[in-house]
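*Asks:* Pasting in a structure now, in C-alpha cells, and then I'll have a few things to ask.
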Amino acid sequence: MKSYKVGIWKLSINRSAKKPTYLVRWSVDGEPFHESHKTKALADRFRAKLLRAADKGEPFDTVTGLPDSLRGGKVALSFVELTLKYIDARWAEASAKQRDSMTDSLATVLPALVKPGRGRPTPENLRRALRSHVLPPPRRERGRPEEIAAAVRWLEKSSLPVAELQEIARVHELIDALGRKLDGKPAATQTYRRRRAVVFNSLEFAVELEALPSNPLGRVRRKRGKRPVQEVDRRVVVNPRQARELLVAVTYVGGYERASGRRLRAFFGCLYYAAMRPGEALGLRRSDCTLPAKGWGRIELTETRPTAGKAWTDSGEAHDRRGLKQRAQGEVRIVPIPPPLVVLLREHLKEFGTAKDGRLFASGATSWPRRRTRACGSRRASWRSYRGRSPRCWLSGRTTSGTRASRSGSTPACPLRRWRLGPGTPWMSC
C-alpha cells in the first residue's frame, strides 16, 4: 500500500555501538522506520532524498517506508504478496497433493517472517487463516469469521518485504521455521526437505520478478539431519500364509449387509498380488482387466486416484485423478496377475459389479481410506506391508530389474533398495 502521510525527523546518534552511527528516522502512515549510516554526511544525503521525494508529492510504501524513486520505480513485495503471486502461477498445473504441500509449507514460514509488534494472533488462527482462507485461490472469496479476518489484516500489515531476506539473519529465521513442527519440536528430515523445496521455488519466483537478486536459501547450509529410512522393514511384510489369512479375516470387518470387509478383500488382493498402490487400485476399471476363467490374467493400469481431500481437488471429490506415478500422462503399465487374484476379482465383480464409470472399487457411504484404516489399523503401514510382498518375490525370482520396475511402477533401483533380501533367500520365504 502507498501513503502520503510522511513525517521525517532530525538526525539522531546511536551511541550503543562501539563506533557511533547516525540514524535517519521517519514515519509512513504512522509506522516508524529508520536507517543507520556510518557517517553524518551519508545520513544527511539519505535524509535529503526523503525530503525531496516528500516535497514532490511521491507516495511512500507502507511496507518498506521508501518512495518509488528510491526503489527504482518498483513496488516492494511483501512475503504475503509474493506467496499469493506464486500460488496463483502454480495452482492450475499442480496436483491436489502438491497444492496441499504448497499451502502447508508456506503457511509454516509466513508467520515467522513478520515485523515485531503488538496484537499478534494465536498460531492456530494464523494457520487456519492461511490454509483455509488466504492461500487457496478458490477459498479467498469465502466469508471469514471475525478472528480470522483480524488475523489476515494483521498478517498483511506485519509481513516483511521480500528484500529483507538479503540479510543472513532473516534467512536463518526462515530455515529455523522450516525445521519446526507446529508445537515447536524439530520436524522430520523428510518434512524439512519437502518444505524447503516449496519455499526455494517460491524464492526462485521472486528472483524472476526481480524482487531479489539471487535465491537467499542457497547462501546457507543447514546441518544434515538424520537420513530418512528408505528400506522397508522385512518384519512387517506379510508372508504367503499370513496374506491368505488376512484376506479372509478382512471380510469380517463391518456388518454383513454393508459388506465393507468383503469389498476390501479384492482391494487388498490387488495390493498384495500386483504391487499396486492404493490410488491405482481405486482407479482400476473393468476394461483394464483381462480375467480368464483359468490361468494368469493381466491388468493395464492407466490412472491413479490418490486421496488428497476435497479442499485441494478441482472436482471437489476426495480423490484426485492423475496419471501413473513417475510416468507421462496417458502412459500404461501392464502387470501380469496370478490366478488367485484373477479369482478374487471375478468374485468381486460377480457380487458387487462396477460403478457407473466402470471402476471396480467405487466409493460408497464410507470412504476407502477409512475402510482401509478400520480394517488394518495404520493406513500407510497396512498397504505397504501388502504391496511389499510382490517386489520381494520378483526380486528373489528370475526377473530382471527392468521387469520389476515396470510391474511395480518404480525405478530399477527401488526394489533393491526398499525390499533388500539376504543372500540365499528362497522364493517362498520372501
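Letters A, B, ... mark the chains of the C-alpha cells in the order given; residue numbers begin at 1 per chain; ligand numbers begin at 1, in order shown.
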For Thr21 in chain A, please output as a list in words all residues within 6 Å (counting only C-alpha atoms; exclusion window: fewer than 3 positions along the same chain).
*Replies:*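 Contacts, with the query itself left out: Ile13, Asn14, His37 and Lys38 of chain A.
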*Asks:* Limited to all heavy atoms, could you put the picked residues into a file as a PDB file, in the first residue's frame?
*Replies:*
```
ATOM      1  N   ILE A  13      21.909  10.231  16.967  1.00  0.00           N
ATOM      2  CA  ILE A  13      23.146   9.462  17.059  1.00  0.00           C
ATOM      3  C   ILE A  13      22.908   8.235  17.922  1.00  0.00           C
ATOM      4  O   ILE A  13      22.370   8.341  19.037  1.00  0.00           O
ATOM      5  CB  ILE A  13      24.291  10.326  17.650  1.00  0.00           C
ATOM      6  CG1 ILE A  13      24.496  11.588  16.816  1.00  0.00           C
ATOM      7  CG2 ILE A  13      25.587   9.535  17.710  1.00  0.00           C
ATOM      8  CD1 ILE A  13      25.541  12.526  17.389  1.00  0.00           C
ATOM      9  N   ASN A  14      23.311   7.086  17.404  1.00  0.00           N
ATOM     10  CA  ASN A  14      23.224   5.836  18.149  1.00  0.00           C
ATOM     11  C   ASN A  14      24.586   5.570  18.787  1.00  0.00           C
ATOM     12  O   ASN A  14      25.550   5.211  18.107  1.00  0.00           O
ATOM     13  CB  ASN A  14      22.824   4.695  17.206  1.00  0.00           C
ATOM     14  CG  ASN A  14      22.746   3.365  17.931  1.00  0.00           C
ATOM     15  OD1 ASN A  14      22.660   3.316  19.155  1.00  0.00           O
ATOM     16  ND2 ASN A  14      22.764   2.276  17.170  1.00  0.00           N
ATOM     17  N   HIS A  37      23.588   4.973   9.298  1.00  0.00           N
ATOM     18  CA  HIS A  37      24.706   5.267   8.404  1.00  0.00           C
ATOM     19  C   HIS A  37      25.957   5.492   9.246  1.00  0.00           C
ATOM     20  O   HIS A  37      25.885   5.986  10.388  1.00  0.00           O
ATOM     21  CB  HIS A  37      24.415   6.505   7.549  1.00  0.00           C
ATOM     22  CG  HIS A  37      23.271   6.305   6.603  1.00  0.00           C
ATOM     23  ND1 HIS A  37      23.432   5.836   5.318  1.00  0.00           N
ATOM     24  CD2 HIS A  37      21.935   6.510   6.772  1.00  0.00           C
ATOM     25  CE1 HIS A  37      22.256   5.762   4.723  1.00  0.00           C
ATOM     26  NE2 HIS A  37      21.323   6.169   5.587  1.00  0.00           N
ATOM     27  N   LYS A  38      27.109   5.184   8.669  1.00  0.00           N
ATOM     28  CA  LYS A  38      28.361   5.271   9.420  1.00  0.00           C
ATOM     29  C   LYS A  38      28.804   6.713   9.627  1.00  0.00           C
ATOM     30  O   LYS A  38      29.452   7.032  10.628  1.00  0.00           O
ATOM     31  CB  LYS A  38      29.454   4.486   8.695  1.00  0.00           C
ATOM     32  CG  LYS A  38      29.215   2.978   8.691  1.00  0.00           C
ATOM     33  CD  LYS A  38      30.367   2.241   8.007  1.00  0.00           C
ATOM     34  CE  LYS A  38      30.126   0.743   8.027  1.00  0.00           C
ATOM     35  NZ  LYS A  38      31.249   0.004   7.369  1.00  0.00           N
TER      36      LYS A  38
END
```
*Asks:* Which one is closest to Ile8 in chain A: A:Tyr192, A:Phe268, A:Tyr22, A:Phe46? Count only C-alpha atoms.
*Replies:*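 Checking each candidate against Ile8 in chain A, we get A:Phe46 as the closest.
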*Asks:* Please identify the strand (DSSP E) residues within range 244-357 of chain A (assignment by DSSP from backbone atoms) and present them as a PyMOL selection string.
*Replies:* chain A and resi 289-290+297-301+333-337
*Asks:* Find the residues around Arg153 in chain A up to 12 Å (only C-alpha atoms counted), leave out those fewer than 3 positions away in its own chain, and share them as a PDB file with N, CA and C atoms, in the first residue's frame.
*Replies:*
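Writing the result to out.pdb gives the following:
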```pdb
ATOM      1  N   VAL A  80       3.692 -11.997   1.958  1.00  0.00           N
ATOM      2  CA  VAL A  80       2.314 -12.435   1.688  1.00  0.00           C
ATOM      3  C   VAL A  80       1.980 -12.213   0.221  1.00  0.00           C
ATOM      4  N   GLY A 119      -0.499  -7.249  19.226  1.00  0.00           N
ATOM      5  CA  GLY A 119      -1.715  -7.752  18.603  1.00  0.00           C
ATOM      6  C   GLY A 119      -1.533  -8.983  17.747  1.00  0.00           C
ATOM      7  N   ARG A 120      -0.443  -9.736  17.948  1.00  0.00           N
ATOM      8  CA  ARG A 120      -0.213 -10.936  17.138  1.00  0.00           C
ATOM      9  C   ARG A 120      -1.296 -11.972  17.443  1.00  0.00           C
ATOM     10  N   PRO A 121      -1.969 -12.503  16.418  1.00  0.00           N
ATOM     11  CA  PRO A 121      -2.988 -13.544  16.643  1.00  0.00           C
ATOM     12  C   PRO A 121      -2.350 -14.848  17.132  1.00  0.00           C
ATOM     13  N   LEU A 126      -3.686 -18.004  12.915  1.00  0.00           N
ATOM     14  CA  LEU A 126      -2.863 -17.654  11.758  1.00  0.00           C
ATOM     15  C   LEU A 126      -2.821 -18.795  10.746  1.00  0.00           C
ATOM     16  N   ALA A 129      -6.192 -19.216   9.083  1.00  0.00           N
ATOM     17  CA  ALA A 129      -6.437 -18.144   8.114  1.00  0.00           C
ATOM     18  C   ALA A 129      -5.679 -18.398   6.819  1.00  0.00           C
ATOM     19  N   LEU A 130      -4.428 -18.835   6.927  1.00  0.00           N
ATOM     20  CA  LEU A 130      -3.620 -19.061   5.727  1.00  0.00           C
ATOM     21  C   LEU A 130      -4.086 -20.290   4.952  1.00  0.00           C
ATOM     22  N   VAL A 134      -6.668 -17.693   2.889  1.00  0.00           N
ATOM     23  CA  VAL A 134      -5.786 -16.790   2.154  1.00  0.00           C
ATOM     24  C   VAL A 134      -5.077 -17.475   0.996  1.00  0.00           C
ATOM     25  N   ARG A 144     -15.359 -14.822   6.203  1.00  0.00           N
ATOM     26  CA  ARG A 144     -14.364 -15.077   7.234  1.00  0.00           C
ATOM     27  C   ARG A 144     -14.910 -14.689   8.600  1.00  0.00           C
ATOM     28  N   GLU A 146     -14.696 -13.271  12.422  1.00  0.00           N
ATOM     29  CA  GLU A 146     -14.031 -12.050  12.850  1.00  0.00           C
ATOM     30  C   GLU A 146     -12.586 -12.299  13.264  1.00  0.00           C
ATOM     31  N   GLU A 147     -12.346 -13.402  14.002  1.00  0.00           N
ATOM     32  CA  GLU A 147     -10.968 -13.653  14.442  1.00  0.00           C
ATOM     33  C   GLU A 147     -10.048 -13.984  13.268  1.00  0.00           C
ATOM     34  N   ILE A 148     -10.598 -14.626  12.217  1.00  0.00           N
ATOM     35  CA  ILE A 148      -9.803 -14.932  11.035  1.00  0.00           C
ATOM     36  C   ILE A 148      -9.544 -13.659  10.222  1.00  0.00           C
ATOM     37  N   ALA A 149     -10.559 -12.818  10.089  1.00  0.00           N
ATOM     38  CA  ALA A 149     -10.378 -11.552   9.366  1.00  0.00           C
ATOM     39  C   ALA A 149      -9.344 -10.674  10.065  1.00  0.00           C
ATOM     40  N   ALA A 150      -9.363 -10.655  11.404  1.00  0.00           N
ATOM     41  CA  ALA A 150      -8.370  -9.873  12.150  1.00  0.00           C
ATOM     42  C   ALA A 150      -6.972 -10.429  11.945  1.00  0.00           C
ATOM     43  N   GLU A 156      -1.172  -9.088   6.783  1.00  0.00           N
ATOM     44  CA  GLU A 156      -0.903  -8.218   5.637  1.00  0.00           C
ATOM     45  C   GLU A 156      -0.133  -6.969   6.054  1.00  0.00           C
ATOM     46  N   LYS A 157      -0.421  -6.450   7.246  1.00  0.00           N
ATOM     47  CA  LYS A 157       0.248  -5.254   7.718  1.00  0.00           C
ATOM     48  C   LYS A 157       1.655  -5.539   8.228  1.00  0.00           C
ATOM     49  N   SER A 158       1.861  -6.725   8.843  1.00  0.00           N
ATOM     50  CA  SER A 158       3.127  -7.033   9.510  1.00  0.00           C
ATOM     51  C   SER A 158       4.089  -7.822   8.649  1.00  0.00           C
ATOM     52  N   SER A 159       3.660  -8.317   7.501  1.00  0.00           N
ATOM     53  CA  SER A 159       4.540  -9.145   6.672  1.00  0.00           C
ATOM     54  C   SER A 159       5.753  -8.350   6.205  1.00  0.00           C
TER      55      SER A 159
END
```
*Asks:* Of the candidates A:Thr290, A:Thr39, A:Asn239, A:Thr64, which shows the shortest atom-to-atom distance to Lys2 in chain A, using only C-alpha atoms?
*Replies:* A:Thr64
*Asks:* Can you tell me, as a PyMOL selection string, which residues in range 243-374 of chain A count as helix (DSSP H, G or I) by DSSP?
*Replies:* chain A and resi 243-252+260-274+278-282+286-288+339-352+368-374
*Asks:* Using the selection just defined, write its residues with N, CA and C atoms as a short mmCIF file (atom, residue, chain, number, x, y, z; two decimals), in the first residue's frame.
*Replies:*
```
data_model
loop_
_atom_site.label_atom_id
_atom_site.label_comp_id
_atom_site.auth_asym_id
_atom_site.auth_seq_id
_atom_site.Cartn_x
_atom_site.Cartn_y
_atom_site.Cartn_z
N ALA A 243 -0.74 -63.66 4.37
CA ALA A 243 -1.54 -62.93 3.40
C ALA A 243 -2.87 -63.62 3.15
N ARG A 244 -2.83 -64.94 3.00
CA ARG A 244 -4.09 -65.66 2.77
C ARG A 244 -5.03 -65.53 3.96
N GLU A 245 -4.47 -65.60 5.17
CA GLU A 245 -5.30 -65.47 6.37
C GLU A 245 -5.87 -64.06 6.50
N LEU A 246 -5.06 -63.05 6.18
CA LEU A 246 -5.53 -61.67 6.28
C LEU A 246 -6.62 -61.37 5.26
N LEU A 247 -6.49 -61.92 4.05
CA LEU A 247 -7.50 -61.68 3.04
C LEU A 247 -8.84 -62.33 3.42
N VAL A 248 -8.79 -63.37 4.21
CA VAL A 248 -10.03 -63.97 4.73
C VAL A 248 -10.55 -63.16 5.92
N ALA A 249 -9.63 -62.77 6.83
CA ALA A 249 -10.05 -62.05 8.03
C ALA A 249 -10.66 -60.70 7.72
N VAL A 250 -10.21 -60.04 6.65
CA VAL A 250 -10.72 -58.71 6.34
C VAL A 250 -12.19 -58.75 5.94
N THR A 251 -12.69 -59.89 5.51
CA THR A 251 -14.09 -59.99 5.12
C THR A 251 -15.03 -59.88 6.31
N TYR A 252 -14.50 -60.02 7.54
CA TYR A 252 -15.33 -59.94 8.75
C TYR A 252 -15.47 -58.51 9.27
N SER A 260 -18.64 -54.10 3.90
CA SER A 260 -17.41 -53.30 3.80
C SER A 260 -16.19 -54.19 3.71
N GLY A 261 -16.14 -55.22 4.56
CA GLY A 261 -14.98 -56.10 4.56
C GLY A 261 -14.85 -56.91 3.29
N ARG A 262 -15.96 -57.40 2.78
CA ARG A 262 -15.90 -58.21 1.56
C ARG A 262 -15.46 -57.37 0.35
N ARG A 263 -15.80 -56.10 0.33
CA ARG A 263 -15.33 -55.22 -0.73
C ARG A 263 -13.81 -55.01 -0.64
N LEU A 264 -13.29 -55.02 0.57
CA LEU A 264 -11.87 -54.78 0.76
C LEU A 264 -11.01 -55.98 0.40
N ARG A 265 -11.60 -57.16 0.33
CA ARG A 265 -10.79 -58.35 0.07
C ARG A 265 -10.09 -58.27 -1.28
N ALA A 266 -10.83 -57.95 -2.32
CA ALA A 266 -10.21 -57.84 -3.65
C ALA A 266 -9.29 -56.62 -3.72
N PHE A 267 -9.65 -55.57 -2.98
CA PHE A 267 -8.81 -54.36 -2.96
C PHE A 267 -7.42 -54.68 -2.43
N PHE A 268 -7.35 -55.33 -1.27
CA PHE A 268 -6.06 -55.70 -0.71
C PHE A 268 -5.38 -56.79 -1.53
N GLY A 269 -6.17 -57.59 -2.22
CA GLY A 269 -5.58 -58.59 -3.10
C GLY A 269 -4.80 -57.94 -4.23
N CYS A 270 -5.30 -56.80 -4.76
CA CYS A 270 -4.57 -56.07 -5.81
C CYS A 270 -3.25 -55.53 -5.28
N LEU A 271 -3.27 -55.04 -4.04
CA LEU A 271 -2.04 -54.54 -3.45
C LEU A 271 -1.03 -55.66 -3.23
N TYR A 272 -1.52 -56.82 -2.84
CA TYR A 272 -0.63 -57.94 -2.48
C TYR A 272 -0.08 -58.65 -3.72
N TYR A 273 -0.95 -59.03 -4.63
CA TYR A 273 -0.53 -59.84 -5.78
C TYR A 273 0.05 -59.02 -6.93
N ALA A 274 -0.40 -57.76 -7.09
CA ALA A 274 0.00 -56.96 -8.25
C ALA A 274 0.86 -55.76 -7.89
N PRO A 278 -2.55 -47.92 -3.45
CA PRO A 278 -3.99 -47.77 -3.18
C PRO A 278 -4.70 -46.89 -4.19
N GLY A 279 -4.07 -45.79 -4.61
CA GLY A 279 -4.69 -44.92 -5.60
C GLY A 279 -4.86 -45.59 -6.95
N GLU A 280 -3.92 -46.48 -7.31
CA GLU A 280 -4.03 -47.21 -8.57
C GLU A 280 -5.16 -48.22 -8.52
N ALA A 281 -5.33 -48.85 -7.35
CA ALA A 281 -6.44 -49.80 -7.21
C ALA A 281 -7.79 -49.08 -7.28
N LEU A 282 -7.88 -47.88 -6.70
CA LEU A 282 -9.13 -47.13 -6.75
C LEU A 282 -9.48 -46.69 -8.17
N ARG A 286 -13.05 -52.09 -15.11
CA ARG A 286 -13.27 -53.43 -15.66
C ARG A 286 -12.59 -53.58 -17.01
N SER A 287 -12.55 -52.51 -17.79
CA SER A 287 -11.93 -52.58 -19.11
C SER A 287 -10.41 -52.71 -19.02
N ASP A 288 -9.83 -52.44 -17.85
CA ASP A 288 -8.38 -52.57 -17.68
C ASP A 288 -7.96 -54.00 -17.35
N PRO A 339 -3.27 -66.46 -10.82
CA PRO A 339 -4.65 -66.98 -10.74
C PRO A 339 -5.40 -66.63 -9.47
N PRO A 340 -4.77 -66.60 -8.26
CA PRO A 340 -5.55 -66.23 -7.08
C PRO A 340 -6.18 -64.84 -7.17
N LEU A 341 -5.46 -63.89 -7.73
CA LEU A 341 -6.03 -62.55 -7.87
C LEU A 341 -7.11 -62.53 -8.95
N VAL A 342 -6.94 -63.31 -10.00
CA VAL A 342 -7.98 -63.40 -11.03
C VAL A 342 -9.28 -63.89 -10.40
N VAL A 343 -9.19 -64.90 -9.54
CA VAL A 343 -10.38 -65.43 -8.87
C VAL A 343 -11.01 -64.38 -7.96
N LEU A 344 -10.18 -63.66 -7.18
CA LEU A 344 -10.70 -62.62 -6.29
C LEU A 344 -11.45 -61.54 -7.07
N LEU A 345 -10.90 -61.10 -8.18
CA LEU A 345 -11.55 -60.04 -8.97
C LEU A 345 -12.83 -60.53 -9.63
N ARG A 346 -12.82 -61.78 -10.11
CA ARG A 346 -14.05 -62.32 -10.72
C ARG A 346 -15.16 -62.44 -9.68
N GLU A 347 -14.82 -62.90 -8.48
CA GLU A 347 -15.82 -63.00 -7.41
C GLU A 347 -16.33 -61.62 -7.00
N HIS A 348 -15.42 -60.63 -6.94
CA HIS A 348 -15.82 -59.27 -6.58
C HIS A 348 -16.78 -58.69 -7.61
N LEU A 349 -16.49 -58.88 -8.89
CA LEU A 349 -17.37 -58.37 -9.93
C LEU A 349 -18.72 -59.07 -9.91
N LYS A 350 -18.72 -60.35 -9.61
CA LYS A 350 -19.98 -61.10 -9.59
C LYS A 350 -20.89 -60.62 -8.46
N GLU A 351 -20.29 -60.28 -7.29
CA GLU A 351 -21.11 -59.88 -6.15
C GLU A 351 -21.46 -58.40 -6.16
N PHE A 352 -20.49 -57.52 -6.53
CA PHE A 352 -20.70 -56.08 -6.39
C PHE A 352 -20.80 -55.34 -7.72
N TRP A 368 -12.95 -45.02 1.11
CA TRP A 368 -12.00 -46.14 1.08
C TRP A 368 -10.85 -45.96 2.06
N PRO A 369 -10.30 -44.74 2.26
CA PRO A 369 -9.26 -44.61 3.27
C PRO A 369 -9.73 -45.02 4.66
N ARG A 370 -10.97 -44.67 5.02
CA ARG A 370 -11.48 -45.05 6.34
C ARG A 370 -11.70 -46.55 6.42
N ARG A 371 -12.15 -47.15 5.33
CA ARG A 371 -12.33 -48.60 5.35
C ARG A 371 -11.01 -49.31 5.56
N ARG A 372 -9.96 -48.84 4.85
CA ARG A 372 -8.65 -49.48 5.00
C ARG A 372 -8.13 -49.32 6.42
N THR A 373 -8.31 -48.13 7.01
CA THR A 373 -7.82 -47.90 8.35
C THR A 373 -8.58 -48.76 9.35
N ARG A 374 -9.90 -48.87 9.19
CA ARG A 374 -10.69 -49.67 10.11
C ARG A 374 -10.33 -51.14 9.99
#
```
*Asks:* If you count only C-alpha atoms, which residues fall within 9 Å of Pro67 in chain A, apart from same-chain ones fewer than 2 positions away, as a list in words?
*Replies:*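 Here the answer would be Lys2, Leu50, Ala53, Ala54, Glu58, Pro59, Phe60, Asp61, Thr64, Gly65, Ser69, Leu70, Arg71 and Gly73 of chain A.
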*Asks:* Print the selection's residues with N, CA and C atoms to a file, as a CSV table (one decimal), in the first residue's frame.
*Replies:*
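Written output follows (selection_18.csv):
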```
chain,number,residue,atom,x,y,z
A,2,LYS,N,0.3,2.3,-0.5
A,2,LYS,CA,1.0,3.6,-0.5
A,2,LYS,C,0.3,4.6,0.4
A,50,LEU,N,14.8,11.7,1.0
A,50,LEU,CA,13.5,11.5,1.5
A,50,LEU,C,12.7,12.8,1.5
A,53,ALA,N,11.6,13.6,-2.1
A,53,ALA,CA,10.5,12.8,-2.5
A,53,ALA,C,9.2,13.3,-1.9
A,54,ALA,N,9.3,13.7,-0.6
A,54,ALA,CA,8.0,14.2,0.0
A,54,ALA,C,7.6,15.5,-0.6
A,58,GLU,N,5.6,12.4,-3.9
A,58,GLU,CA,5.6,11.0,-4.2
A,58,GLU,C,5.0,10.2,-3.0
A,59,PRO,N,4.3,9.1,-3.4
A,59,PRO,CA,3.7,8.2,-2.3
A,59,PRO,C,4.8,7.3,-1.7
A,60,PHE,N,4.7,7.1,-0.4
A,60,PHE,CA,5.7,6.2,0.2
A,60,PHE,C,5.0,4.8,0.5
A,61,ASP,N,5.8,3.8,0.3
A,61,ASP,CA,5.3,2.4,0.5
A,61,ASP,C,5.2,2.2,2.0
A,64,THR,N,8.0,-0.9,3.0
A,64,THR,CA,9.4,-0.6,3.1
A,64,THR,C,9.7,0.8,3.7
A,65,GLY,N,8.7,1.7,3.6
A,65,GLY,CA,8.9,3.0,4.1
A,65,GLY,C,9.5,3.9,3.0
A,69,SER,N,11.0,6.4,-6.0
A,69,SER,CA,12.2,6.9,-6.6
A,69,SER,C,13.5,6.3,-6.0
A,70,LEU,N,13.4,5.8,-4.7
A,70,LEU,CA,14.5,5.2,-4.1
A,70,LEU,C,14.5,3.7,-4.2
A,71,ARG,N,13.5,3.2,-5.0
A,71,ARG,CA,13.5,1.7,-5.2
A,71,ARG,C,13.4,1.4,-6.7
A,73,GLY,N,11.6,2.7,-8.9
A,73,GLY,CA,10.3,2.7,-9.5
A,73,GLY,C,9.5,1.4,-9.3
```
*Asks:* Do you have the CA of Leu324 in chain A-CA of Thr302 in chain A distance handy?
*Replies:* 6.4 Å
*Asks:* Let me make sure I understand: among A:Ile175, A:Leu77, A:Ala187, A:Leu113, which one has the smallest atom-to-atom distance to Val162 in chain A if we use only C-alpha atoms?
*Replies:* A:Leu77
*Asks:* Compare A:Ile87, A:Leu110, A:Val171, A:Leu135 by their minimum atom-to-atom distance to Pro216 in chain A, counting only C-alpha atoms, and give me the closest one.
*Replies:*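 Going through A:Ile87, A:Leu110, A:Val171, A:Leu135 one by one, the smallest distance to Pro216 in chain A is for A:Val171.
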*Asks:* So, with only C-alpha atoms as the atoms that count, which of A:Glu303, A:Glu257, A:Asp68, A:Glu81 lies closest to Arg321 in chain A?
*Replies:*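 Looking at the shortest contact to Arg321 in chain A, the residue is A:Glu303.
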*Asks:* Considering only C-alpha atoms, can you say which of A:Glu164, A:Asp88, A:Asp104, A:Asp176 comes closest to Arg195 in chain A?
*Replies:*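 Result for the nearest residue to Arg195 in chain A: A:Asp104.
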